[in-house]
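Source file: start.txt (compact mmCIF, C-alpha atoms)
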# COMPACT_ATOMS: atom_id res chain seq x y z
CA MET A 1332 10.40 1.07 17.78
CA SER A 1333 7.28 0.91 15.61
CA MET A 1334 7.25 1.25 11.85
CA LEU A 1335 4.36 3.73 11.86
CA ASP A 1336 3.81 6.84 13.94
CA LEU A 1337 0.34 5.94 15.15
CA ASP A 1338 0.19 9.00 17.40
CA SER A 1339 -0.06 11.16 14.30
CA PRO A 1340 -3.60 12.45 13.58
CA TYR A 1341 -3.36 10.92 10.13
CA CYS A 1342 -2.10 7.48 11.08
CA SER A 1343 -3.96 4.34 12.01
CA LEU A 1344 -4.30 0.82 10.74
CA PRO A 1345 -7.26 -0.31 8.65
CA GLU A 1346 -10.25 -1.76 10.52
CA ASN A 1347 -10.55 -5.55 10.27
CA SER A 1348 -7.00 -5.83 9.01
CA LEU A 1349 -4.24 -8.13 10.09
CA PHE A 1350 -3.19 -5.49 12.63
CA SER A 1351 -6.59 -3.99 13.54
CA ASN A 1352 -6.85 -5.23 17.13
CA SER A 1353 -3.56 -3.68 18.17
CA GLU A 1354 -2.91 -0.41 19.92
CA ASN A 1355 0.11 0.08 17.71
CA LEU A 1356 2.23 -1.85 15.27
CA SER A 1357 4.92 -2.62 17.83
CA SER A 1358 2.39 -4.53 19.91
CA VAL A 1359 1.62 -6.68 16.88
CA THR A 1360 5.22 -7.35 16.06
CA CYS A 1361 6.33 -7.84 19.66
CA SER A 1362 3.46 -9.34 21.67
CA GLU A 1363 3.62 -13.05 22.40
CA GLY A 1364 -0.06 -13.75 21.71
CA ASN A 1365 -0.26 -12.28 18.22
CA THR A 1366 3.21 -12.74 16.82
CA GLU A 1367 3.03 -16.38 15.80
CA ALA A 1368 -0.31 -16.20 13.99
CA HIS A 1369 0.64 -13.02 12.15
CA GLN A 1370 4.05 -14.40 11.22
CA ILE A 1371 2.43 -17.52 9.80
CA GLN A 1372 0.06 -15.40 7.68
CA PHE A 1373 2.95 -13.24 6.53
CA TYR A 1374 5.14 -16.22 5.64
CA ASP A 1375 2.25 -17.83 3.76
CA LEU A 1376 1.88 -14.62 1.76
CA VAL A 1377 5.59 -14.46 1.01
CA ASN A 1378 5.59 -18.15 0.01
CA GLN A 1379 2.66 -17.60 -2.38
CA ILE A 1380 4.45 -14.65 -3.98
CA ASN A 1381 7.69 -16.67 -4.18
CA LYS A 1382 5.81 -19.47 -5.97
CA GLU A 1383 4.59 -16.92 -8.51
CA ILE A 1384 8.11 -15.61 -9.03
CA ILE A 1385 9.48 -19.14 -9.48
CA SER A 1386 6.70 -20.19 -11.86
CA THR A 1387 6.97 -17.15 -14.12
CA LEU A 1388 9.29 -14.35 -15.05
CA ASP A 1389 6.32 -12.18 -16.00
CA LEU A 1390 6.54 -9.16 -13.69
CA ASP A 1391 2.90 -8.18 -14.30
CA GLN A 1392 1.73 -11.62 -13.18
CA VAL A 1393 3.92 -11.49 -10.06
CA LEU A 1394 2.68 -8.01 -9.13
CA SER A 1395 -0.93 -9.03 -9.75
CA SER A 1396 -0.52 -12.06 -7.51
CA ALA A 1397 1.14 -9.93 -4.83
CA CYS A 1398 -1.81 -7.50 -4.94
CA GLN A 1399 -4.35 -10.31 -4.61
CA HIS A 1400 -2.60 -12.04 -1.73
CA LEU A 1401 -1.86 -8.81 0.12
CA GLY A 1402 -5.46 -7.61 -0.21
CA GLN A 1403 -6.74 -10.87 1.19
CA ILE A 1404 -4.32 -11.06 4.10
CA ILE A 1405 -4.77 -7.49 5.33
CA LYS A 1406 -8.50 -7.56 4.54
CA CYS A 1407 -8.72 -4.27 2.71
CA SER A 1408 -10.89 -3.13 -0.17
CA ARG A 1409 -8.08 -2.10 -2.52
CA VAL A 1410 -4.42 -2.75 -3.12
CA SER A 1411 -2.59 -1.13 -5.99
CA VAL A 1412 0.95 -1.22 -7.31
CA LEU A 1413 2.35 2.00 -8.73
CA VAL A 1414 5.42 1.71 -10.92
CA LYS A 1415 7.78 4.60 -11.67
CA GLU A 1416 7.89 5.46 -15.33
CA SER A 1417 11.34 4.95 -16.84
CA HIS A 1418 11.37 8.38 -18.47
CA SER A 1419 10.59 10.32 -15.28
CA ASP A 1420 11.52 10.30 -11.60
CA HIS A 1421 8.20 11.94 -10.72
CA GLU A 1422 5.62 10.00 -12.75
CA PHE A 1423 4.05 6.74 -11.58
CA THR A 1424 1.43 4.50 -13.21
CA THR A 1425 -0.93 2.05 -11.49
CA LYS A 1426 0.07 -1.28 -13.05
CA ASN A 1427 -1.84 -3.78 -10.88
CA GLU A 1428 -4.67 -3.76 -8.40
CA TYR A 1429 -6.88 -5.78 -6.09
CA ASN A 1430 -10.36 -4.26 -5.87
CA GLN A 1431 -13.03 -5.78 -3.65
CA GLY A 1432 -15.19 -2.78 -2.89
CA GLY A 1433 -16.87 -2.00 -6.18
CA TYR A 1434 -14.63 1.03 -6.55
CA LEU A 1435 -13.50 2.51 -9.85
CA SER A 1436 -10.42 0.81 -11.21
CA GLN A 1437 -7.10 2.58 -10.77
CA LEU A 1438 -5.36 0.60 -13.52
CA GLY A 1439 -3.46 2.84 -15.90
CA ILE A 1440 -3.91 5.98 -13.80
CA LYS A 1441 -0.83 8.17 -13.82
CA LEU A 1442 0.28 10.10 -10.73
CA ASN A 1443 2.80 12.89 -10.63
CA ALA A 1444 4.71 13.28 -7.38
CA ASP A 1445 4.94 17.03 -7.99
CA ASP A 1446 1.15 17.27 -7.45
CA ASN A 1447 0.94 14.63 -4.70
CA ALA A 1448 2.43 15.47 -1.30
CA HIS A 1449 1.58 12.01 0.04
CA LEU A 1450 3.57 10.31 -2.71
CA ARG A 1451 6.51 12.68 -2.10
CA ALA A 1452 6.40 11.93 1.64
CA LEU A 1453 6.25 8.19 0.99
CA LEU A 1454 9.20 8.31 -1.40
CA SER A 1455 11.30 10.30 1.06
CA GLN A 1456 11.16 7.67 3.80
CA SER A 1457 11.81 3.97 4.23
CA GLN A 1458 8.81 3.35 6.50
CA PRO A 1459 5.15 2.75 5.60
CA LEU A 1460 2.77 5.70 5.73
CA ALA A 1461 -0.74 5.13 7.10
CA LEU A 1462 -3.58 7.63 6.84
CA THR A 1463 -7.16 7.27 8.07
CA LYS A 1464 -8.27 10.65 6.69
CA PHE A 1465 -6.47 10.66 3.38
CA LYS A 1466 -8.21 13.76 2.01
CA GLU A 1467 -6.91 15.79 4.95
CA PHE A 1468 -3.26 15.11 4.17
CA PRO A 1469 -1.76 18.56 3.47
CA GLY A 1470 -0.27 19.60 0.15
CA PHE A 1471 -2.32 17.86 -2.55
CA GLY A 1472 -2.52 19.66 -5.87
CA GLU A 1473 -5.83 20.16 -7.66
CA THR A 1474 -5.31 17.22 -10.03
CA THR A 1475 -4.61 14.85 -7.13
CA LYS A 1476 -7.57 16.18 -5.12
CA ALA A 1477 -9.89 15.51 -8.06
CA LEU A 1478 -8.50 11.99 -8.44
CA ILE A 1479 -8.92 11.27 -4.71
CA ASP A 1480 -12.57 12.33 -4.97
CA GLN A 1481 -13.14 10.36 -8.18
CA LEU A 1482 -11.65 7.18 -6.67
CA ASP A 1483 -13.34 7.81 -3.28
CA ILE A 1484 -10.11 7.21 -1.35
CA GLN A 1485 -10.80 7.48 2.37
CA SER A 1486 -7.73 5.92 3.97
CA MET A 1487 -4.44 4.46 2.84
CA LEU A 1488 -1.57 2.32 4.05
CA ALA A 1489 1.30 2.80 1.62
CA VAL A 1490 4.76 1.28 1.37
CA ALA A 1491 7.45 2.29 -1.10
CA VAL A 1492 9.36 -0.70 -2.44
CA ARG A 1493 12.54 0.01 -4.29
CA TYR A 1494 13.90 -2.39 -6.86
CA GLN A 1495 17.00 -2.00 -8.91
CA GLY A 1496 17.81 -4.30 -11.73
Mind turning the file's structure into structure tokens?
Amino acid sequence: MSMLDLDSPYCSLPENSLFSNSENLSSVTCSEGNTEAHQIQFYDLVNQINKEIISTLDLDQVLSSACQHLGQIIKCSRVSVLVKESHSDHEFTTKNEYNQGGYLSQLGIKLNADDNAHLRALLSQSQPLALTKFKEFPGFGETTKALIDQLDIQSMLAVAVRYQG
């Protein structure tokens, strides 16, 4: 069972990423040849993030470090962390980012799930959501469409992480 439905017209993994030479995610997680190297990279990433958590209780610093390490290991141009606003179940703010493509910064940008079908879909499932043609995802409101154009978002691999505490 793979984590992503790569047969979907919207789903694929980023080129030159940790998983880019695979037909699908299950071949990465299950094949003998790739598993060990990818697991080592993943464990190194987790260890780096754990070191940050141990060395500080500053959530912003931990999230920033996680963005940096994740961006480097999956070899993508941007990684961002959206945090749900405490006063709303539908409003999220970009709190941290890794940006290696000369793109506009997403820091501080607020997203409303009511206007963003992708965000609603992501929040309704426990699996990652990968899109190679992000603009073609159905159901974006006008505000979200304008933001996608402004930020020049072409593709996205998104994972919802839930934390309670």
Would you mind telling me which residue in A:Leu1388, A:Ile1404, A:Cys1398, A:Leu1454 lies nearest to A:His1369 when using only C-alpha atoms? A:Ile1404
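Around stretch 1408-1412 of chain A, within 7 Å and counting all atoms listed in the file, the residues found are Cys1398, Gly1402, Thr1425, Lys1426, Asn1427, Glu1428, Tyr1429, Asn1430, Gln1431 and Gly1432 of chain A, once anything fewer than 4 positions away on its own chain is removed.
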In Å and to one decimal, atom CA of A:Asn1447 is distant from atom CA of A:Cys1407 by 22.5 Å
Given the point (-7.0, 14.8, -4.8) in the file's coordinates, find the residues that have an atom at most 12 Å from it, counting all atoms listed in the file, and give them as a short mmCIF file (atom, residue, chain, number, x, y, z; two decimals) with C-alpha atoms, keeping the file's coordinate frame.
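What follows is the written file point_25.cif:
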data_model
loop_
_atom_site.label_atom_id
_atom_site.label_comp_id
_atom_site.auth_asym_id
_atom_site.auth_seq_id
_atom_site.Cartn_x
_atom_site.Cartn_y
_atom_site.Cartn_z
CA LEU A 1442 0.28 10.10 -10.73
CA ASN A 1443 2.80 12.89 -10.63
CA ASP A 1446 1.15 17.27 -7.45
CA ASN A 1447 0.94 14.63 -4.70
CA ALA A 1448 2.43 15.47 -1.30
CA HIS A 1449 1.58 12.01 0.04
CA LEU A 1450 3.57 10.31 -2.71
CA PHE A 1465 -6.47 10.66 3.38
CA LYS A 1466 -8.21 13.76 2.01
CA GLU A 1467 -6.91 15.79 4.95
CA PHE A 1468 -3.26 15.11 4.17
CA PRO A 1469 -1.76 18.56 3.47
CA GLY A 1470 -0.27 19.60 0.15
CA PHE A 1471 -2.32 17.86 -2.55
CA GLY A 1472 -2.52 19.66 -5.87
CA GLU A 1473 -5.83 20.16 -7.66
CA THR A 1474 -5.31 17.22 -10.03
CA THR A 1475 -4.61 14.85 -7.13
CA LYS A 1476 -7.57 16.18 -5.12
CA ALA A 1477 -9.89 15.51 -8.06
CA LEU A 1478 -8.50 11.99 -8.44
CA ILE A 1479 -8.92 11.27 -4.71
CA ASP A 1480 -12.57 12.33 -4.97
CA GLN A 1481 -13.14 10.36 -8.18
CA LEU A 1482 -11.65 7.18 -6.67
CA ASP A 1483 -13.34 7.81 -3.28
CA ILE A 1484 -10.11 7.21 -1.35
CA GLN A 1485 -10.80 7.48 2.37
#
Provide the atom CA of A:Leu1394 to atom CA of A:Phe1423 distance in Å, to one decimal place.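 Interatomic distance, atom CA of A:Leu1394 to atom CA of A:Phe1423: 15.0 Å.
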Could you work out an axis-aligned bounding box for all listed atoms of stretch 1386-1394 of chain A, with 4 Å added on each of the six sides, and give its centre and edge lengths in Å to one decimal, as JSON?
{"center_x": 5.5, "center_y": -14.1, "center_z": -12.6, "size_x": 15.6, "size_y": 20.2, "size_z": 14.9}
Would you mind telling me which residue in A:Ile1405, A:Ser1486, A:Gln1392, A:Lys1441 lies nearest to A:Ser1419 when using all atoms listed in the file?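 Once distances to A:Ser1419 are computed over all atoms listed in the file, the minimum belongs to A:Lys1441.
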Please compute the atom CA of A:Ser1436-atom CA of A:Tyr1374 distance, one decimal, in Å.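 Separation of atom CA of A:Ser1436 and atom CA of A:Tyr1374: 28.6 Å.
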Please identify all polymer residues within 7 Å of A:Met1487, counting only C-alpha atoms, omitting same-chain residues fewer than 3 positions from it, and present them as a list in words. Ala1461, Leu1462, Thr1463 and Phe1465 of chain A
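When the distance limit is 8 Å and only C-alpha atoms are what count, the residues near A:Ile1380, minus those fewer than 6 positions from it on the same chain, are Val1393, Ser1396, Ala1397 and His1400 of chain A.
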